[in-house]
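This report refers to the structure that appears directly beneath it.
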Amino acid sequence: MYRDHTCGELRKTDEGKTVTLCGWVSKRRNLGSIVFIDLRDRYGITQITFDENNSEKVKDVRNEYVIKVTGKVAVKENANDKLATGEIEVIASDVEILSTSETTPMIIADETDALEELRLKYRYLDIRRNPIKEKLLVRDKVTMIVRNILHEDNFVEVETPILSKSTPEGARDYLVPSRLYKGKFYALPQSPQIYKQLLMIGGMDRYFQIARCFRDEDLRADRQPEFTQIDMEMSFATEEDIWSEVEKVMKAIFKEVKGITDLTFPRIKYVDAMDKYGSDKPDIRFGNEMVNVTDLFKESNFAVFKNCVAEGGIIKALVFKNAAANLSRKKFDELNEFVKVYKAKALAYLKYDNNEFTGSVNNALEQGEKEALRDYLKMENGDVVMMIADKKAIAEVALGAVRKKMGEELGLIDKNKFAFCWITEFPMYEYSEEEDRWVSAHHPFTAPRDCDIDKLTTDQANCYSRAYDLVLNGYELLSGSVRIHNSEMQAKVFSALGLTPEKAKAKFGFFIDAFKYGAPPHCGVGIGLERLIMILTGTDNIKEVVAFPKTATAYCLMSDAPNTVDQDQLDFLGIDIVKQD
RNA sequence: GGUGCGUUAGCGAAGUUGGUUAUCGUGCCUCCCUGUCACGGAGGAGAUCACGGGUUCGAGUCCCGUACGCACCGCCA
């Protein structure tokens, strides 16, 4: 045994004990014939003191050397209240260098040193530091809580294939060439969706898996090409059953990790979320709901508003209390550019202060219109209203983005708050301009609302589903749905998607077949583990909660994956690389 | 596929309207120091200014391209 204690556990009560510690040299302070070393391991830092009789033994010890120290625990005259072990030190009597270290490319002890790029290249060094280490520990804690609760409730963890079959709908697949079947490919799963439904048909009525998923799509601050889902599925269950199980898990996690016990889970229909927040993942830590003011401007002489209404568009308004003084002309110019990213033509605004209006549409609107708007929105002196007139979908989304941005910039968000909401009754389909057909909004196995069954193939635009998301602080934390469990309904959905029975059979044959042999009613969710950990640890960067993440171009700076392979390997697989310019 | 920002000693940054020896902090090395805990003091080494091209008497600085990184839009059933 190398050690009998860790660097985080010794306290005053251990005074006089002879202990052996192992760890990395975090810092040395050489005062001449006395040398202090901060010894670090996963559990913390303990000061090791080398007095005049022993200081020579650490003369050549440098930062990040791995050493084994034996000594006696002593109480310090002046405690260091920044360390859990700050009341004691270990007076070393013996030291052994287990491993040396070159000068590290970043200073481990200074957690602000080095930018993300370098930290990714030397990820194993970054993991020595608290910010990453603590997040990995939270992640471990969360998965443990999930496993415990779900097992208590009779869920069974089943592993599903990583080498699976390409599913043509949805995200781009990562493909793995087959050696035995040249020209054929496995696909890495985008989610275990099909397998978990087959497990339901297999009678595993309560399943879960902490499942790695892969999607070959462009990345974002909250998106990695491989990520982990807490994947769940229940048979003989409805929305209420799965929601209550998820809420139970969330309550346990937030109690254990954050000490929070007053979580609530309000439910908002998709159409209402879009209407009030312009997002299907609204951040409801703050209010500032959008208001439809289209009717106020039906007869307006302001051409922009009038034409918008005449063309079937809408005008959405968003009020910020007491913000007039804080928002400059420059800021509105910036916001005007900001909304263009979301395809909106412009952001109109009015300030109301000292009982007077100013702002971009002040001259364009008549006094009566402005007063009607003020009264309708219950604006008071100091308030600002921002408006977008556009097609419904554009106005909602663009103003929703403004709401989110201003919520952050105006400090309307309580960072200590955790606001969940269920978003329910998503559209069954959405129209793909690119493919010129209706596609599934969720996935093609999602059940429609009972009241919309007769619209499945006839009125796709107004057909809503039993799909739901759980949103937390503006992040989509999970997606799920009640699934179709009857072949006739499934056939209708395929037909609505433009899939002939032959095509459907070719794409999902084995899956469709399975439903012929007794499929129980079932529903489920896939919880985005990284996003949950991000919120729990207060970061907006997914790379912070992944041990070895990829860059925004899906590259690993540490290992240089993906890389080229030997011609032999390609030959085995029957693959020719076509050079592109 | 698109837009924006960035790239200067090991690391993090500064570098003005283009101007002669590229600055600061930290880390690193050497020496001094018996109570530090962001130890202190003295000295030293360390830069193809991302890469390629252009403008200019002269480019870290201006222009074009490339690479890489970050964020966003599209995309992510």
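Order determines the names: the first chain of the structure tokens is A, the second B, and so forth; residues in each chain are numbered 1 upward, and ligands are numbered 1 upward as they are shown.
All of the residues in chain B within 9 Å of chain A are U3, G10, C11, G12, G27, C28, C32, C33, U34, G35, U36, C37, C39, G40, G69, C70, A71, C72, C73, C75, C76 and A77 of chain B, where only C-alpha atoms (C1' of nucleotides) were counted.
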### Task
Select from stretch 326-418 of chain A everything DSSP, run on the backbone, classes as strand (DSSP E or B), then give the selection as a ChimeraX atom specification.
/A:348-353,356-358,383-390
### Query
With distances taken over only C-alpha atoms, which of A:Leu373, A:Phe494, A:Lys269, A:Thr228 is nearest to A:Asp295?
A:Leu373
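Straight-line separation from atom CA of A:Phe332 to atom CA of A:Val402: 10.8 Å.
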### Query
DSSP on the backbone: what in stretch 118-163 of chain A comes out alpha helix (DSSP H), as a PyMOL selection string?
chain A and resi 118-121+123-126+130-152
Residues from the last selection, C-alpha atoms, saved as a PDB file, in the first residue's frame:
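Produced file selection.pdb, reproduced below:
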```pdb
ATOM      1  CA  LEU A 118      -4.734  24.343 -24.493  1.00  0.00           C
ATOM      2  CA  ARG A 119      -6.795  22.782 -21.734  1.00  0.00           C
ATOM      3  CA  LEU A 120      -8.323  20.422 -24.280  1.00  0.00           C
ATOM      4  CA  LYS A 121      -4.949  19.431 -25.666  1.00  0.00           C
ATOM      5  CA  ARG A 123      -7.013  17.448 -20.801  1.00  0.00           C
ATOM      6  CA  TYR A 124      -5.403  15.039 -18.320  1.00  0.00           C
ATOM      7  CA  LEU A 125      -3.728  18.027 -16.676  1.00  0.00           C
ATOM      8  CA  ASP A 126      -6.940  20.037 -16.667  1.00  0.00           C
ATOM      9  CA  ASN A 130     -10.954  21.550  -9.398  1.00  0.00           C
ATOM     10  CA  PRO A 131     -13.263  22.994 -12.068  1.00  0.00           C
ATOM     11  CA  ILE A 132     -13.256  19.891 -14.250  1.00  0.00           C
ATOM     12  CA  LYS A 133     -12.711  17.422 -11.440  1.00  0.00           C
ATOM     13  CA  GLU A 134     -15.696  18.669  -9.455  1.00  0.00           C
ATOM     14  CA  LYS A 135     -17.972  18.472 -12.475  1.00  0.00           C
ATOM     15  CA  LEU A 136     -16.929  14.888 -13.165  1.00  0.00           C
ATOM     16  CA  LEU A 137     -17.671  14.069  -9.543  1.00  0.00           C
ATOM     17  CA  VAL A 138     -21.145  15.626  -9.780  1.00  0.00           C
ATOM     18  CA  ARG A 139     -21.717  13.617 -12.928  1.00  0.00           C
ATOM     19  CA  ASP A 140     -20.769  10.445 -11.096  1.00  0.00           C
ATOM     20  CA  LYS A 141     -23.072  11.329  -8.222  1.00  0.00           C
ATOM     21  CA  VAL A 142     -26.010  11.995 -10.532  1.00  0.00           C
ATOM     22  CA  THR A 143     -25.713   8.719 -12.431  1.00  0.00           C
ATOM     23  CA  MET A 144     -25.454   6.888  -9.141  1.00  0.00           C
ATOM     24  CA  ILE A 145     -28.653   8.521  -7.840  1.00  0.00           C
ATOM     25  CA  VAL A 146     -30.435   7.678 -11.084  1.00  0.00           C
ATOM     26  CA  ARG A 147     -29.364   4.046 -10.946  1.00  0.00           C
ATOM     27  CA  ASN A 148     -30.416   3.737  -7.323  1.00  0.00           C
ATOM     28  CA  ILE A 149     -33.858   5.273  -7.719  1.00  0.00           C
ATOM     29  CA  LEU A 150     -34.726   3.513 -10.935  1.00  0.00           C
ATOM     30  CA  HIS A 151     -33.627   0.176  -9.565  1.00  0.00           C
ATOM     31  CA  GLU A 152     -35.734   0.745  -6.466  1.00  0.00           C
TER      32      GLU A 152
END
```
With only C-alpha atoms (C1' of nucleotides) as the counted atoms, please give the residues lying no more than 9 Å from A:Ile201, apart from itself and same-chain residues fewer than 4 positions off, as a PDB file with C-alpha atoms, in the first residue's frame.
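Writing done, so here's part.pdb:
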```
ATOM      1  CA  LYS A 196     -35.885   0.307 -26.094  1.00  0.00           C
ATOM      2  CA  GLN A 197     -39.253   0.011 -27.758  1.00  0.00           C
ATOM      3  CA  ASP A 205     -41.723  -3.307 -18.870  1.00  0.00           C
ATOM      4  CA  SER A 235     -44.933  -0.173 -20.520  1.00  0.00           C
ATOM      5  CA  ALA A 514     -42.297  -6.620 -33.982  1.00  0.00           C
ATOM      6  CA  PHE A 515     -45.533  -4.683 -33.483  1.00  0.00           C
ATOM      7  CA  TYR A 517     -46.711  -9.751 -32.019  1.00  0.00           C
ATOM      8  CA  GLY A 518     -48.261  -7.920 -29.106  1.00  0.00           C
ATOM      9  CA  ALA A 519     -46.860  -4.502 -28.338  1.00  0.00           C
ATOM     10  CA  PRO A 520     -47.838  -3.040 -24.967  1.00  0.00           C
TER      11      PRO A 520
END
```
Report as a PDB file with C-alpha atoms (C1' of nucleotides), in the first residue's frame all protein, DNA and RNA residues lying within 12 Å of B:G43, evaluated on only C-alpha atoms (C1' of nucleotides), omitting residues in the same chain fewer than 2 positions from it.
```pdb
ATOM      1  C1'   C B  29      16.489  28.343 -14.195  1.00  0.00           C
ATOM      2  C1'   U B  30      20.371  30.208 -10.470  1.00  0.00           C
ATOM      3  C1'   C B  31      21.393  32.469  -5.738  1.00  0.00           C
ATOM      4  C1'   C B  32      19.656  34.388  -0.618  1.00  0.00           C
ATOM      5  C1'   G B  41      14.332  39.427  -2.213  1.00  0.00           C
ATOM      6  C1'   A B  45      17.156  32.526 -20.018  1.00  0.00           C
TER       7        A B  45
END
```
### Message
Env of A:Leu199: 10 Å cut, atoms = only C-alpha atoms (C1' of nucleotides), seq-sep filter 3 positions within chain, self excluded. Answer as a ChimeraX atom specification.
### Response
/A:158,160,194-196,202-207,233-235,519
Please, could you write that set of residues out with C-alpha atoms as a short mmCIF file (atom, residue, chain, number, x, y, z; two decimals), in the first residue's frame?
```cif
data_model
loop_
_atom_site.label_atom_id
_atom_site.label_comp_id
_atom_site.auth_asym_id
_atom_site.auth_seq_id
_atom_site.Cartn_x
_atom_site.Cartn_y
_atom_site.Cartn_z
CA VAL A 158 -30.17 -3.06 -20.37
CA THR A 160 -28.31 -1.88 -26.41
CA ILE A 194 -35.86 1.49 -31.50
CA TYR A 195 -34.13 -0.94 -29.18
CA LYS A 196 -35.88 0.31 -26.09
CA GLY A 202 -39.88 -8.09 -25.16
CA GLY A 203 -41.66 -7.61 -21.86
CA MET A 204 -38.96 -5.58 -20.04
CA ASP A 205 -41.72 -3.31 -18.87
CA ARG A 206 -39.45 -0.84 -17.10
CA TYR A 207 -36.12 -0.17 -18.80
CA GLU A 233 -39.10 3.51 -21.22
CA MET A 234 -42.18 2.20 -19.42
CA SER A 235 -44.93 -0.17 -20.52
CA ALA A 519 -46.86 -4.50 -28.34
#
```
Which residues, written as an mmCIF file with N, CA and C atoms, in the first residue's frame, have at least one atom at most 12 Å from A:Met1, with only C-alpha atoms (C1' of nucleotides) counted and residues fewer than 4 positions away on the same chain left out?
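Output saved as out.cif:
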```cif
data_model
loop_
_atom_site.group_PDB
_atom_site.id
_atom_site.type_symbol
_atom_site.label_atom_id
_atom_site.label_comp_id
_atom_site.auth_asym_id
_atom_site.auth_seq_id
_atom_site.Cartn_x
_atom_site.Cartn_y
_atom_site.Cartn_z
ATOM 1 N N HIS A 5 -3.604 7.614 4.050
ATOM 2 C CA HIS A 5 -4.581 8.694 4.108
ATOM 3 C C HIS A 5 -4.545 9.436 2.774
ATOM 4 N N THR A 20 1.165 8.422 5.952
ATOM 5 C CA THR A 20 1.825 8.428 4.648
ATOM 6 C C THR A 20 0.828 8.921 3.605
ATOM 7 N N LEU A 21 1.218 9.960 2.874
ATOM 8 C CA LEU A 21 0.366 10.547 1.842
ATOM 9 C C LEU A 21 1.057 10.445 0.493
ATOM 10 N N CYS A 22 0.260 10.340 -0.561
ATOM 11 C CA CYS A 22 0.791 10.382 -1.926
ATOM 12 C C CYS A 22 0.052 11.462 -2.700
ATOM 13 N N LYS A 68 5.697 10.458 -2.422
ATOM 14 C CA LYS A 68 5.122 9.748 -1.279
ATOM 15 C C LYS A 68 5.827 10.293 -0.052
#
```
### Message
So that I can see what lies close to A:Ala84, please list as a PyMOL selection string the residues with an atom at most 9 Å from it, counting only C-alpha atoms (C1' of nucleotides) and leaving out residues fewer than 4 positions away in the same chain.
### Response
chain A and resi 8-11+44-46+80
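You will find atom CA of A:Leu557 at 20.9 Å from atom CA of A:Cys213.
Candidate residues A:Phe50, A:Asp173, A:Arg40, A:Leu263 were compared for distance to A:Phe185, and the nearest is A:Asp173, using only C-alpha atoms.
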